[in-house]
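**Student:** Here you go, structure19.tsv (TSV, C-alpha atoms and all ligand atoms):
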chain	number	residue	atom	x	y	z
A	1	MET	CA	-12.23	-0.16	-17.86
A	2	ALA	CA	-9.18	-0.59	-15.63
A	3	VAL	CA	-7.97	-4.12	-14.91
A	4	ILE	CA	-5.87	-4.63	-11.80
A	5	PRO	CA	-4.32	-8.06	-11.24
A	6	VAL	CA	-4.07	-9.48	-7.73
A	7	GLU	CA	-0.96	-11.59	-8.07
A	8	LEU	CA	-1.23	-14.59	-5.79
A	9	ALA	CA	0.35	-17.84	-6.91
A	10	GLY	CA	-2.41	-20.33	-7.70
A	11	ARG	CA	-5.13	-17.86	-6.69
A	12	ALA	CA	-4.50	-14.89	-8.97
A	13	TYR	CA	-7.53	-12.91	-10.09
A	14	GLU	CA	-8.53	-9.62	-11.65
A	15	VAL	CA	-10.28	-6.59	-10.24
A	16	ARG	CA	-12.06	-4.77	-13.06
A	17	VAL	CA	-13.15	-1.20	-12.44
A	18	GLY	CA	-15.50	0.63	-14.81
A	19	GLY	CA	-19.03	1.63	-15.71
A	20	GLY	CA	-21.71	-0.84	-16.87
A	21	LEU	CA	-20.04	-4.03	-15.60
A	22	LEU	CA	-23.22	-5.39	-13.97
A	23	ALA	CA	-25.16	-5.06	-17.23
A	24	ASP	CA	-22.30	-6.94	-18.95
A	25	LEU	CA	-22.10	-9.65	-16.28
A	26	PRO	CA	-22.22	-12.81	-18.44
A	27	ALA	CA	-19.42	-11.62	-20.72
A	28	GLN	CA	-17.35	-10.40	-17.75
A	29	CYS	CA	-17.69	-13.70	-15.87
A	30	GLY	CA	-17.04	-15.86	-18.95
A	31	LYS	CA	-16.41	-19.51	-18.09
A	32	LEU	CA	-16.65	-18.93	-14.33
A	33	LEU	CA	-20.40	-19.44	-14.68
A	34	ARG	CA	-20.49	-23.06	-15.78
A	35	LYS	CA	-24.11	-23.95	-15.03
A	36	GLN	CA	-27.42	-22.43	-16.00
A	37	ARG	CA	-28.37	-21.70	-12.40
A	38	VAL	CA	-26.46	-18.77	-10.85
A	39	PRO	CA	-26.77	-18.23	-7.08
A	40	ILE	CA	-26.67	-14.56	-6.04
A	41	VAL	CA	-26.63	-13.22	-2.48
A	42	THR	CA	-27.62	-9.59	-1.96
A	43	ASP	CA	-29.55	-7.33	0.41
A	44	SER	CA	-32.90	-5.65	-0.15
A	45	ASN	CA	-31.48	-2.12	-0.62
A	46	VAL	CA	-29.13	-3.30	-3.34
A	47	ALA	CA	-31.83	-5.50	-4.87
A	48	ALA	CA	-34.17	-2.51	-5.13
A	49	HIS	CA	-31.68	-0.71	-7.38
A	50	TRP	CA	-29.66	-3.43	-9.13
A	51	ARG	CA	-31.56	-6.73	-9.18
A	52	ASP	CA	-33.32	-5.95	-12.48
A	53	THR	CA	-30.03	-5.08	-14.22
A	54	VAL	CA	-28.34	-8.28	-13.06
A	55	GLN	CA	-31.43	-10.41	-13.72
A	56	ALA	CA	-31.83	-9.08	-17.27
A	57	ALA	CA	-28.13	-9.49	-18.08
A	58	LEU	CA	-28.06	-13.10	-16.91
A	59	VAL	CA	-31.41	-14.11	-18.44
A	60	SER	CA	-30.48	-12.63	-21.81
A	61	ALA	CA	-27.43	-14.92	-21.87
A	62	GLY	CA	-29.52	-17.99	-21.02
A	63	PHE	CA	-28.79	-18.15	-17.27
A	64	GLU	CA	-31.31	-18.74	-14.50
A	65	PRO	CA	-30.51	-16.38	-11.60
A	66	ARG	CA	-31.38	-17.67	-8.11
A	67	TRP	CA	-31.66	-14.97	-5.46
A	68	MET	CA	-31.10	-14.86	-1.72
A	69	VAL	CA	-32.15	-11.35	-0.63
A	70	LEU	CA	-31.18	-10.54	2.97
A	71	GLU	CA	-32.08	-7.74	5.37
A	72	PRO	CA	-29.57	-4.91	4.99
A	73	GLY	CA	-27.10	-4.13	7.74
A	74	GLU	CA	-24.30	-5.58	9.86
A	75	GLY	CA	-26.78	-8.05	11.42
A	76	ALA	CA	-26.44	-10.23	8.31
A	77	LYS	CA	-22.89	-11.14	9.36
A	78	SER	CA	-24.25	-13.55	12.00
A	79	TRP	CA	-24.37	-17.28	12.68
A	80	ALA	CA	-28.13	-17.28	12.07
A	81	VAL	CA	-27.95	-15.65	8.64
A	82	LEU	CA	-24.90	-17.72	7.70
A	83	GLU	CA	-26.87	-20.89	8.51
A	84	LYS	CA	-29.77	-19.69	6.37
A	85	VAL	CA	-27.44	-18.94	3.45
A	86	MET	CA	-25.61	-22.28	3.80
A	87	ASP	CA	-28.89	-24.24	3.84
A	88	TRP	CA	-30.04	-22.35	0.76
A	89	LEU	CA	-26.77	-22.96	-1.11
A	90	LEU	CA	-26.98	-26.67	-0.29
A	91	ALA	CA	-30.60	-26.79	-1.43
A	92	GLU	CA	-29.49	-25.08	-4.66
A	93	GLU	CA	-26.94	-27.91	-5.04
A	94	VAL	CA	-24.00	-25.54	-5.41
A	95	GLU	CA	-20.84	-27.55	-6.03
A	96	ARG	CA	-17.16	-26.83	-5.40
A	97	GLY	CA	-16.48	-25.76	-8.98
A	98	ASP	CA	-19.41	-23.31	-8.99
A	99	HIS	CA	-19.33	-19.60	-8.22
A	100	ILE	CA	-21.62	-17.70	-5.88
A	101	LEU	CA	-22.16	-14.03	-6.72
A	102	ALA	CA	-21.94	-11.51	-3.85
A	103	LEU	CA	-23.84	-8.39	-4.97
A	104	GLY	CA	-23.59	-5.65	-2.34
A	105	GLY	CA	-21.42	-3.86	0.16
A	106	GLY	CA	-18.88	-5.22	2.59
A	107	VAL	CA	-21.53	-6.99	4.65
A	108	ILE	CA	-22.75	-9.11	1.72
A	109	GLY	CA	-19.18	-9.66	0.49
A	110	ASP	CA	-17.84	-10.78	3.88
A	111	LEU	CA	-20.79	-13.08	4.58
A	112	THR	CA	-20.96	-14.63	1.10
A	113	GLY	CA	-17.20	-15.02	0.96
A	114	PHE	CA	-17.22	-16.90	4.26
A	115	ALA	CA	-20.12	-19.09	3.10
A	116	ALA	CA	-18.12	-19.87	-0.06
A	117	ALA	CA	-15.03	-20.64	2.05
A	118	ILE	CA	-16.78	-23.32	4.06
A	119	LEU	CA	-19.38	-24.72	1.64
A	120	LYS	CA	-18.19	-28.22	0.81
A	121	ARG	CA	-14.76	-27.11	2.13
A	122	GLY	CA	-14.56	-24.27	-0.34
A	123	CYS	CA	-16.28	-23.21	-3.54
A	124	GLY	CA	-15.80	-20.21	-5.82
A	125	PHE	CA	-17.27	-16.73	-5.47
A	126	ILE	CA	-17.32	-13.50	-7.40
A	127	GLN	CA	-17.41	-10.11	-5.72
A	128	LEU	CA	-19.78	-7.54	-7.21
A	129	PRO	CA	-19.15	-4.64	-4.79
A	130	THR	CA	-21.77	-1.88	-4.83
A	131	THR	CA	-20.48	0.48	-2.11
A	132	LEU	CA	-17.38	2.65	-2.38
A	133	LEU	CA	-16.01	0.92	0.73
A	134	ALA	CA	-16.45	-2.52	-0.81
A	135	GLN	CA	-14.98	-1.45	-4.16
A	136	VAL	CA	-11.81	0.01	-2.65
A	137	ASP	CA	-11.29	-2.37	0.25
A	138	SER	CA	-13.47	-5.27	1.35
A	139	SER	CA	-14.01	-7.01	-2.01
A	140	VAL	CA	-10.25	-7.32	-2.61
A	141	GLY	CA	-7.88	-9.49	-0.63
A	142	GLY	CA	-9.96	-12.45	0.54
A	143	LYS	CA	-10.76	-11.55	4.14
A	144	THR	CA	-14.19	-13.02	4.88
A	145	ALA	CA	-15.99	-13.12	8.22
A	146	ILE	CA	-19.06	-12.95	10.39
A	147	ASN	CA	-19.48	-11.30	13.81
A	148	THR	CA	-20.29	-13.07	17.09
A	149	SER	CA	-21.44	-11.81	20.47
A	150	ALA	CA	-17.73	-11.61	21.41
A	151	GLY	CA	-16.95	-9.08	18.67
A	152	LYS	CA	-16.69	-8.16	15.01
A	153	ASN	CA	-15.13	-10.36	12.33
A	154	LEU	CA	-13.96	-12.90	14.92
A	155	VAL	CA	-15.04	-15.94	12.88
A	156	GLY	CA	-13.80	-16.03	9.32
A	157	ALA	CA	-11.36	-17.28	6.73
A	158	PHE	CA	-8.99	-16.07	4.08
A	159	HIS	CA	-10.73	-17.05	0.85
A	160	GLN	CA	-9.95	-15.19	-2.35
A	161	PRO	CA	-12.67	-14.42	-4.90
A	162	SER	CA	-12.16	-15.59	-8.49
A	163	LEU	CA	-13.04	-12.16	-9.89
A	164	VAL	CA	-14.05	-8.70	-8.66
A	165	LEU	CA	-16.24	-6.47	-10.82
A	166	ALA	CA	-16.45	-2.96	-9.40
A	167	ASP	CA	-19.19	-1.26	-11.40
A	168	LEU	CA	-18.80	2.48	-10.82
A	169	GLY	CA	-22.41	2.95	-11.97
A	170	ALA	CA	-23.56	1.26	-8.74
A	171	LEU	CA	-22.26	4.24	-6.77
A	172	ALA	CA	-24.96	6.46	-8.30
A	173	THR	CA	-27.61	4.98	-5.98
A	174	LEU	CA	-25.45	4.91	-2.84
A	175	PRO	CA	-26.56	7.34	-0.09
A	176	LEU	CA	-24.09	10.22	0.45
A	177	ARG	CA	-23.30	9.16	4.02
A	178	GLU	CA	-22.20	5.73	2.74
A	179	MET	CA	-20.11	7.39	0.01
A	180	CYS	CA	-18.33	9.52	2.60
A	181	ALA	CA	-17.73	6.45	4.79
A	182	GLY	CA	-16.14	4.66	1.81
A	183	TYR	CA	-14.00	7.69	1.02
A	184	ALA	CA	-12.34	7.29	4.42
A	185	GLU	CA	-10.84	4.03	3.14
A	186	VAL	CA	-9.66	5.81	-0.03
A	187	ILE	CA	-7.84	8.50	1.97
A	188	LYS	CA	-6.40	5.67	4.09
A	189	TYR	CA	-4.23	4.44	1.19
A	190	GLY	CA	-2.72	7.91	0.87
A	191	ILE	CA	-2.06	8.34	4.57
A	192	LEU	CA	-0.52	4.92	5.01
A	193	GLY	CA	1.78	4.77	2.00
A	194	ASP	CA	1.40	7.35	-0.76
A	195	THR	CA	1.85	11.09	-0.08
A	196	ALA	CA	1.01	12.08	-3.66
A	197	PHE	CA	-2.28	10.15	-3.51
A	198	PHE	CA	-3.09	11.77	-0.15
A	199	GLU	CA	-2.60	15.18	-1.80
A	200	TRP	CA	-4.90	14.12	-4.64
A	201	CYS	CA	-7.51	13.00	-2.04
A	202	GLU	CA	-7.27	16.35	-0.26
A	203	GLY	CA	-8.21	18.11	-3.50
A	204	HIS	CA	-10.68	15.67	-5.05
A	205	GLY	CA	-12.94	14.55	-2.18
A	206	PRO	CA	-15.84	16.79	-3.24
A	207	ALA	CA	-15.64	15.59	-6.87
A	208	VAL	CA	-15.66	11.91	-5.88
A	209	LEU	CA	-18.58	12.41	-3.51
A	210	ALA	CA	-20.52	14.45	-6.08
A	211	GLY	CA	-20.32	11.60	-8.61
A	212	ASP	CA	-17.62	12.91	-10.97
A	213	ALA	CA	-16.98	9.77	-13.07
A	214	GLU	CA	-13.32	10.48	-13.80
A	215	ALA	CA	-12.51	11.26	-10.15
A	216	GLN	CA	-14.36	8.15	-8.97
A	217	GLU	CA	-12.54	5.92	-11.44
A	218	TYR	CA	-9.17	7.32	-10.36
A	219	ALA	CA	-9.99	6.99	-6.64
A	220	VAL	CA	-11.18	3.39	-6.96
A	221	THR	CA	-8.43	2.29	-9.35
A	222	GLU	CA	-5.58	3.77	-7.31
A	223	SER	CA	-7.01	2.32	-4.09
A	224	VAL	CA	-7.38	-1.14	-5.59
A	225	LYS	CA	-3.83	-1.00	-6.98
A	226	ALA	CA	-2.52	-0.16	-3.51
A	227	LYS	CA	-4.53	-2.91	-1.86
A	228	ALA	CA	-3.62	-5.50	-4.53
A	229	ARG	CA	0.08	-4.71	-4.09
A	230	ILE	CA	-0.09	-5.16	-0.32
A	231	VAL	CA	-2.19	-8.35	-0.48
A	232	ALA	CA	0.20	-9.89	-3.03
A	233	GLU	CA	3.08	-9.19	-0.63
A	234	ASP	CA	1.41	-10.40	2.57
A	235	GLU	CA	-1.79	-12.31	1.86
A	236	ARG	CA	-2.31	-13.65	5.39
A	237	GLU	CA	-1.04	-10.66	7.36
A	238	THR	CA	2.06	-12.42	8.60
A	239	THR	CA	4.87	-9.99	7.69
A	240	GLY	CA	3.31	-6.80	9.06
A	241	LYS	CA	2.80	-5.28	5.60
A	242	ARG	CA	-0.94	-6.06	5.34
A	243	ALA	CA	-1.42	-5.02	8.96
A	244	LEU	CA	-0.77	-1.43	7.78
A	245	LEU	CA	-4.21	-1.59	6.12
A	246	ASN	CA	-5.58	-1.55	9.65
A	247	LEU	CA	-4.59	2.12	10.01
A	248	GLY	CA	-7.31	3.73	12.11
A	249	HIS	CA	-9.05	0.41	12.75
A	250	THR	CA	-7.95	-0.23	16.34
A	251	PHE	CA	-9.17	3.18	17.51
A	252	GLY	CA	-12.12	2.94	15.10
A	253	HIS	CA	-13.27	-0.48	16.32
A	254	SER	CA	-13.29	0.74	19.92
A	255	LEU	CA	-15.57	3.61	18.87
A	256	GLU	CA	-17.78	1.22	16.90
A	257	ALA	CA	-17.97	-1.06	19.94
A	258	GLN	CA	-18.80	1.86	22.22
A	259	THR	CA	-21.63	2.93	19.90
A	260	GLY	CA	-22.94	-0.66	19.69
A	261	PHE	CA	-21.94	-1.29	16.03
A	262	SER	CA	-24.98	0.72	15.04
A	263	ASP	CA	-25.98	3.39	12.54
A	264	ARG	CA	-24.70	5.91	15.06
A	265	LEU	CA	-21.25	5.33	13.64
A	266	LEU	CA	-20.69	3.57	10.31
A	267	HIS	CA	-17.56	1.43	9.91
A	268	GLY	CA	-15.96	3.97	7.55
A	269	GLU	CA	-16.76	6.81	9.95
A	270	GLY	CA	-15.09	4.85	12.74
A	271	VAL	CA	-12.04	4.35	10.50
A	272	ALA	CA	-12.02	8.09	9.68
A	273	LEU	CA	-12.01	9.05	13.37
A	274	GLY	CA	-9.54	6.24	14.05
A	275	MET	CA	-7.10	7.65	11.49
A	276	VAL	CA	-7.33	11.10	13.07
A	277	LEU	CA	-6.66	9.51	16.47
A	278	ALA	CA	-3.74	7.47	15.08
A	279	ALA	CA	-2.26	10.68	13.62
A	280	ARG	CA	-2.79	12.67	16.82
A	281	TYR	CA	-1.40	9.83	18.94
A	282	SER	CA	1.62	9.68	16.60
A	283	ALA	CA	2.12	13.41	17.28
A	284	ARG	CA	1.82	12.79	21.04
A	285	ARG	CA	4.59	10.20	20.73
A	286	GLY	CA	6.74	12.66	18.76
A	287	TYR	CA	6.66	10.65	15.52
A	288	ILE	CA	4.98	13.37	13.42
A	289	THR	CA	4.31	17.07	13.82
A	290	ALA	CA	1.03	18.42	15.17
A	291	ALA	CA	0.67	20.19	11.80
A	292	ASP	CA	0.72	16.83	9.95
A	293	ALA	CA	-1.89	15.44	12.35
A	294	ASP	CA	-4.05	18.52	11.70
A	295	ARG	CA	-3.63	17.96	7.97
A	296	VAL	CA	-4.97	14.40	8.29
A	297	ALA	CA	-7.93	15.69	10.32
A	298	GLY	CA	-8.52	18.42	7.72
A	299	ALA	CA	-8.69	15.95	4.83
A	300	ILE	CA	-11.14	13.77	6.78
A	301	ALA	CA	-13.36	16.73	7.70
A	302	ALA	CA	-13.32	18.03	4.11
A	303	ALA	CA	-14.78	14.69	2.98
A	304	GLY	CA	-17.82	15.23	5.20
A	305	LEU	CA	-16.57	12.77	7.81
A	306	PRO	CA	-16.42	13.15	11.60
A	307	SER	CA	-12.93	14.16	12.68
A	308	ALA	CA	-13.12	14.71	16.47
A	309	ILE	CA	-14.44	12.22	19.03
A	310	SER	CA	-15.39	15.08	21.37
A	311	THR	CA	-18.34	15.73	19.02
A	312	LEU	CA	-19.74	12.18	19.26
A	313	GLY	CA	-21.38	12.64	22.65
A	314	LEU	CA	-19.89	9.39	23.96
A	315	ASN	CA	-20.83	8.78	27.54
A	316	CYS	CA	-17.56	7.10	28.54
A	317	ASN	CA	-13.95	7.73	29.48
A	318	GLY	CA	-10.71	6.82	27.70
A	319	ARG	CA	-10.28	3.65	29.76
A	320	ALA	CA	-13.61	2.27	28.50
A	321	LEU	CA	-12.50	2.83	24.89
A	322	ALA	CA	-9.08	1.27	25.57
A	323	ASP	CA	-10.79	-1.72	27.21
A	324	HIS	CA	-12.61	-2.50	23.95
A	325	MET	CA	-9.18	-2.86	22.38
A	326	LEU	CA	-8.38	-5.80	24.68
A	327	HIS	CA	-10.79	-7.88	22.56
A	328	ASP	CA	-9.16	-6.84	19.30
A	329	LYS	CA	-8.32	-9.85	17.15
A	330	LYS	CA	-4.89	-8.37	16.46
A	331	MET	CA	-4.00	-8.80	20.13
A	332	ASP	CA	-0.86	-10.95	20.20
A	333	ALA	CA	0.39	-12.47	23.46
A	334	GLY	CA	-0.75	-9.49	25.51
A	335	THR	CA	0.50	-6.87	23.03
A	336	LEU	CA	-1.67	-4.88	20.68
A	337	PRO	CA	0.23	-3.58	17.64
A	338	PHE	CA	-0.86	-0.06	16.61
A	339	VAL	CA	-0.51	1.37	13.12
A	340	LEU	CA	1.06	4.79	13.66
A	341	LEU	CA	2.72	7.36	11.39
A	342	HIS	CA	6.28	8.55	10.87
A	343	GLY	CA	4.78	10.99	8.36
A	344	ILE	CA	1.86	11.27	5.95
A	345	GLY	CA	2.44	8.33	3.61
A	346	GLU	CA	4.68	6.51	6.13
A	347	ALA	CA	2.68	4.16	8.34
A	348	PHE	CA	4.47	1.67	10.56
A	349	LEU	CA	3.56	-0.94	13.15
A	350	ASP	CA	4.31	0.06	16.75
A	351	LYS	CA	4.30	-2.93	19.10
A	352	ALA	CA	5.33	-0.92	22.16
A	353	VAL	CA	2.19	1.07	22.85
A	354	SER	CA	0.86	1.11	26.40
A	355	LEU	CA	-2.93	0.91	26.66
A	356	ASP	CA	-2.70	3.06	29.83
A	357	ASP	CA	-1.13	5.82	27.76
A	358	VAL	CA	-3.75	5.32	25.04
A	359	ALA	CA	-6.50	5.64	27.69
A	360	ALA	CA	-5.00	8.91	28.97
A	361	PHE	CA	-4.71	10.20	25.40
A	362	LEU	CA	-8.34	9.28	24.71
A	363	ASP	CA	-9.48	11.07	27.89
A	364	ALA	CA	-7.99	14.28	26.53
A	365	GLU	CA	-9.49	13.66	23.07
A	366	LEU	CA	-12.95	13.05	24.55
A	367	GLN	CA	-12.74	16.42	26.22
A	368	GLY	CA	-11.58	18.07	23.00
A	369	SER	CA	-8.31	19.22	24.54
B	1	LIG	P1	-22.90	-2.42	3.87
B	1	LIG	O1	-22.60	-3.63	3.12
B	1	LIG	O2	-23.75	-2.53	5.08
B	1	LIG	O3	-23.54	-1.33	2.89
B	1	LIG	C1	-23.90	-0.08	3.39
B	1	LIG	C2	-25.38	0.24	3.08
B	1	LIG	O4	-25.50	0.62	1.71
B	1	LIG	C3	-26.34	-0.91	3.29
B	1	LIG	O5	-27.54	-0.41	3.82
B	1	LIG	C4	-26.58	-1.44	1.87
B	1	LIG	O6	-27.83	-2.06	1.76
B	1	LIG	C5	-26.52	-0.17	1.08
B	1	LIG	N1	-26.08	-0.30	-0.31
B	1	LIG	C6	-25.05	-1.03	-0.78
B	1	LIG	N2	-24.85	-0.76	-2.07
B	1	LIG	C7	-25.78	0.14	-2.44
B	1	LIG	C8	-26.05	0.82	-3.65
B	1	LIG	N3	-25.29	0.67	-4.73
B	1	LIG	N4	-27.11	1.67	-3.68
B	1	LIG	C9	-27.86	1.89	-2.55
B	1	LIG	N5	-27.62	1.30	-1.37
B	1	LIG	C10	-26.58	0.44	-1.32
B	1	LIG	O7	-21.57	-1.68	4.38
B	1	LIG	P2	-20.13	-1.41	3.73
B	1	LIG	O8	-19.73	-0.10	4.27
B	1	LIG	O9	-20.10	-1.64	2.27
B	1	LIG	O10	-19.25	-2.56	4.40
B	1	LIG	C11	-19.02	-2.60	5.79
B	1	LIG	C12	-18.61	-4.02	6.15
B	1	LIG	O11	-17.42	-4.33	5.44
B	1	LIG	C13	-18.32	-4.22	7.62
B	1	LIG	O12	-18.94	-5.41	8.04
B	1	LIG	C14	-16.81	-4.37	7.66
B	1	LIG	O13	-16.39	-5.22	8.71
B	1	LIG	C15	-16.53	-4.99	6.33
B	1	LIG	N6	-15.17	-4.79	5.82
B	1	LIG	C16	-14.49	-5.87	5.39
B	1	LIG	C17	-13.22	-5.73	4.87
B	1	LIG	C18	-12.50	-6.92	4.32
B	1	LIG	O14	-11.32	-6.79	3.99
B	1	LIG	N7	-13.14	-8.05	4.18
B	1	LIG	C19	-12.64	-4.46	4.79
B	1	LIG	C20	-13.37	-3.36	5.24
B	1	LIG	C21	-14.65	-3.54	5.75
B	2	LIG	N1	-9.23	-4.18	5.36
B	2	LIG	C1	-8.02	-4.73	5.87
B	2	LIG	C2	-7.46	-5.83	5.04
B	2	LIG	O1	-8.03	-6.21	4.06
B	2	LIG	O2	-6.44	-6.36	5.38
Please go through the file and, once you have read it, give me the structure as C-alpha cells.
Ligand code: NAD
Ligand code: GLY
**Tutor:**
Amino acid sequence: MAVIPVELAGRAYEVRVGGGLLADLPAQCGKLLRKQRVPIVTDSNVAAHWRDTVQAALVSAGFEPRWMVLEPGEGAKSWAVLEKVMDWLLAEEVERGDHILALGGGVIGDLTGFAAAILKRGCGFIQLPTTLLAQVDSSVGGKTAINTSAGKNLVGAFHQPSLVLADLGALATLPLREMCAGYAEVIKYGILGDTAFFEWCEGHGPAVLAGDAEAQEYAVTESVKAKARIVAEDERETTGKRALLNLGHTFGHSLEAQTGFSDRLLHGEGVALGMVLAARYSARRGYITAADADRVAGAIAAAGLPSAISTLGLNCNGRALADHMLHDKKMDAGTLPFVLLHGIGEAFLDKAVSLDDVAAFLDAELQGS
C-alpha cells in the first residue's frame, strides 16, 4: 500500500492506495468511526459490486452500516438529491464529529462531500473512490459541488475529507469506457507538469486499462502525489498553481455543455478532447510545436479516448462552443484564463486569450482542418 500525505495545516490527511482496502475498512478508518452507526452514500451500480464487501467488513467489526443508495449518474449532483441526502443524514442524527462515507465515483464524492460541508456547518467525511477518475482526481483536494440549471459545479465548497482510501480492486468492476475516461486525468498530470510521467503514460496506457495491477498502482500513486503537491501549495486555487489542474477543462466543459452533460460525452472524454484542443491551440499561438500537439493527441487516442472534435458529429459552430465558456466559473471580471502549454510538462495560465480567436480556432477544428 502507498500512503500519500496531503499536507494542509490543520486539515492534513492521507490518501492510501492499494488492493483490498474496502475489505479492511474498519482497521483503515480507525478512530474516525466513533459510533456504531456508519452512514454510507453510494449509487446502485457501485452497491451492486461493493456493498456486500463494505457491509461485511463493517459488521464484522461491530458497526451498523446505514445505506443511502442513489441513482447512478450526474443527475445525483442536484438540489433535489442533496435535499434527500441532507434529510436522511439529519434523520440518522449524524453529528459534527462523525464521518460520512462516500463510496463511488466523482459524482458520489462531490455530492457527499458537499453534504458533509454544510451539515450542521460541517462534519467529517471519508472518500472511498471506486472509479479511476475519482481515485486520481476528484477524491483528493476537497472540491465538492452540485450542478444547477445554470451549469456544472456552480454550487459547492472546499471541504477536505479526513481520509481517502483508493482500493485498486474496485477498478476490476469498472466498465472499460469509464476506465479510459479516468485515464485522461492520469495523462493530464504528465502533460501539465511532468514530462517523464507523460512518457510513462504513452507506453503504459494499455496495461493500466487491461487491469495490470502494478501499472495501475503506479498510475494512481503518481497522479495522487502530483495532485497532493499542488493542493498543498494552493488549496483554494488562489495563486494559479491549482488552476493548472483545469488543463483541458475549459474546452472540455464547453463540449460537455454542447452534448447536454450526457452519456454522449463522459467528463473524462471531454477533458481528453479538451487537452488535445489546449495543445493544438497552444501550437496555433506559437507556444509549442505542431509535433508536440500531435504527440498529446496520439497519447490520448492510444488510450482509447476521442482525440478530434470533428468526429463527434456536433451540430454547432465554434462560436456556440465559445459561448458556453462565458458561463465558466473561472471567468474573472470578463477574462477567462486558459491553461495552455509551453511544452509537454509545462502548463501555464494564459489570461490574454480572445474568445473570438478561440471560436475561429474551434470552427477549423470542427471541420477537421
Ligand atoms: P461517476 O461517479 O458518475 O461514475 C461513473 C460510472 O461508473 C457511474 O455509472 C457509476 O455508477 C459507475 N461506477 C463507479 N464505480 C464503479 C465500480 N467500481 N464498478 C462499476 N461501476 C462503477 O463518474 P466519475 O467519472 O467517477 O466522476 C465524474 C464527476 O466527478 C463529475 O461530476 C465531475 O464534475 C466530478 N469531478 C470532480 C472533481 C473534484 O475535484 N471534485 C474532479 C474531477 C471530476
Ligand atoms: N480537478 C481540479 C481540481 O481539483 O482542482
**Student:** Using only C-alpha atoms and all ligand atoms, which residues of the polymer chains come no farther than 12 Å from ligand LIG 2 (chain B)? I'd like the answer as a ChimeraX atom specification.
**Tutor:** /A:106,110,133-145,153,157-160,182,184-186,188-189,223-224,226-238,240-250,267-268,271,330
**Student:** Those same residues - C-alpha atoms - I'd like them written as a short mmCIF file (atom, residue, chain, number, x, y, z; two decimals), in the frame of the given file.
**Tutor:**
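Result went into result09.cif, see below:
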data_model
loop_
_atom_site.label_atom_id
_atom_site.label_comp_id
_atom_site.auth_asym_id
_atom_site.auth_seq_id
_atom_site.Cartn_x
_atom_site.Cartn_y
_atom_site.Cartn_z
CA GLY A 106 -18.88 -5.22 2.59
CA ASP A 110 -17.84 -10.78 3.88
CA LEU A 133 -16.01 0.92 0.73
CA ALA A 134 -16.45 -2.52 -0.81
CA GLN A 135 -14.98 -1.45 -4.16
CA VAL A 136 -11.81 0.01 -2.65
CA ASP A 137 -11.29 -2.37 0.25
CA SER A 138 -13.47 -5.27 1.35
CA SER A 139 -14.01 -7.01 -2.01
CA VAL A 140 -10.25 -7.32 -2.61
CA GLY A 141 -7.88 -9.49 -0.63
CA GLY A 142 -9.96 -12.45 0.54
CA LYS A 143 -10.76 -11.55 4.14
CA THR A 144 -14.19 -13.02 4.88
CA ALA A 145 -15.99 -13.12 8.22
CA ASN A 153 -15.13 -10.36 12.33
CA ALA A 157 -11.36 -17.28 6.73
CA PHE A 158 -8.99 -16.07 4.08
CA HIS A 159 -10.73 -17.05 0.85
CA GLN A 160 -9.95 -15.19 -2.35
CA GLY A 182 -16.14 4.66 1.81
CA ALA A 184 -12.34 7.29 4.42
CA GLU A 185 -10.84 4.03 3.14
CA VAL A 186 -9.66 5.81 -0.03
CA LYS A 188 -6.40 5.67 4.09
CA TYR A 189 -4.23 4.44 1.19
CA SER A 223 -7.01 2.32 -4.09
CA VAL A 224 -7.38 -1.14 -5.59
CA ALA A 226 -2.52 -0.16 -3.51
CA LYS A 227 -4.53 -2.91 -1.86
CA ALA A 228 -3.62 -5.50 -4.53
CA ARG A 229 0.08 -4.71 -4.09
CA ILE A 230 -0.09 -5.16 -0.32
CA VAL A 231 -2.19 -8.35 -0.48
CA ALA A 232 0.20 -9.89 -3.03
CA GLU A 233 3.08 -9.19 -0.63
CA ASP A 234 1.41 -10.40 2.57
CA GLU A 235 -1.79 -12.31 1.86
CA ARG A 236 -2.31 -13.65 5.39
CA GLU A 237 -1.04 -10.66 7.36
CA THR A 238 2.06 -12.42 8.60
CA GLY A 240 3.31 -6.80 9.06
CA LYS A 241 2.80 -5.28 5.60
CA ARG A 242 -0.94 -6.06 5.34
CA ALA A 243 -1.42 -5.02 8.96
CA LEU A 244 -0.77 -1.43 7.78
CA LEU A 245 -4.21 -1.59 6.12
CA ASN A 246 -5.58 -1.55 9.65
CA LEU A 247 -4.59 2.12 10.01
CA GLY A 248 -7.31 3.73 12.11
CA HIS A 249 -9.05 0.41 12.75
CA THR A 250 -7.95 -0.23 16.34
CA HIS A 267 -17.56 1.43 9.91
CA GLY A 268 -15.96 3.97 7.55
CA VAL A 271 -12.04 4.35 10.50
CA LYS A 330 -4.89 -8.37 16.46
#
**Student:** Given all atoms listed in the file as the basis, pick out the residue of A:Thr239, A:Thr148, A:Asn317, A:Thr42 nearest to Gln127 in chain A.
**Tutor:** A:Thr42
**Student:** Looking at only C-alpha atoms and all ligand atoms, which of A:Gly205, A:Gly318, A:Gly75, A:Gly298 is the one that sits closest to ligand LIG 1 (chain B)?
**Tutor:**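 The closest residue to ligand LIG 1 (chain B) is A:Gly75.
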**Student:** Take atom O9 of ligand LIG 1 (chain B) and CA of Trp88 in chain A and report the distance between them in Å, one decimal.
**Tutor:**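 Pair atom O9 of ligand LIG 1 (chain B) / CA of Trp88 in chain A returns 23.0 Å.
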**Student:** What lies within 12 Å of Glu93 in chain A using all atoms listed in the file, ignoring chain neighbours under 6 positions off, as an mmCIF file with C-alpha atoms, in the frame of the given file?
**Tutor:**
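Dumped to out_34.cif:
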data_model
loop_
_atom_site.group_PDB
_atom_site.id
_atom_site.type_symbol
_atom_site.label_atom_id
_atom_site.label_comp_id
_atom_site.auth_asym_id
_atom_site.auth_seq_id
_atom_site.Cartn_x
_atom_site.Cartn_y
_atom_site.Cartn_z
ATOM 1 C CA LYS A 35 -24.110 -23.950 -15.030
ATOM 2 C CA ARG A 37 -28.370 -21.700 -12.400
ATOM 3 C CA VAL A 38 -26.460 -18.770 -10.850
ATOM 4 C CA PRO A 39 -26.770 -18.230 -7.080
ATOM 5 C CA ARG A 66 -31.380 -17.670 -8.110
ATOM 6 C CA MET A 86 -25.610 -22.280 3.800
ATOM 7 C CA ASP A 87 -28.890 -24.240 3.840
ATOM 8 C CA HIS A 99 -19.330 -19.600 -8.220
ATOM 9 C CA ILE A 100 -21.620 -17.700 -5.880
ATOM 10 C CA LEU A 119 -19.380 -24.720 1.640
ATOM 11 C CA LYS A 120 -18.190 -28.220 0.810
ATOM 12 C CA CYS A 123 -16.280 -23.210 -3.540
#
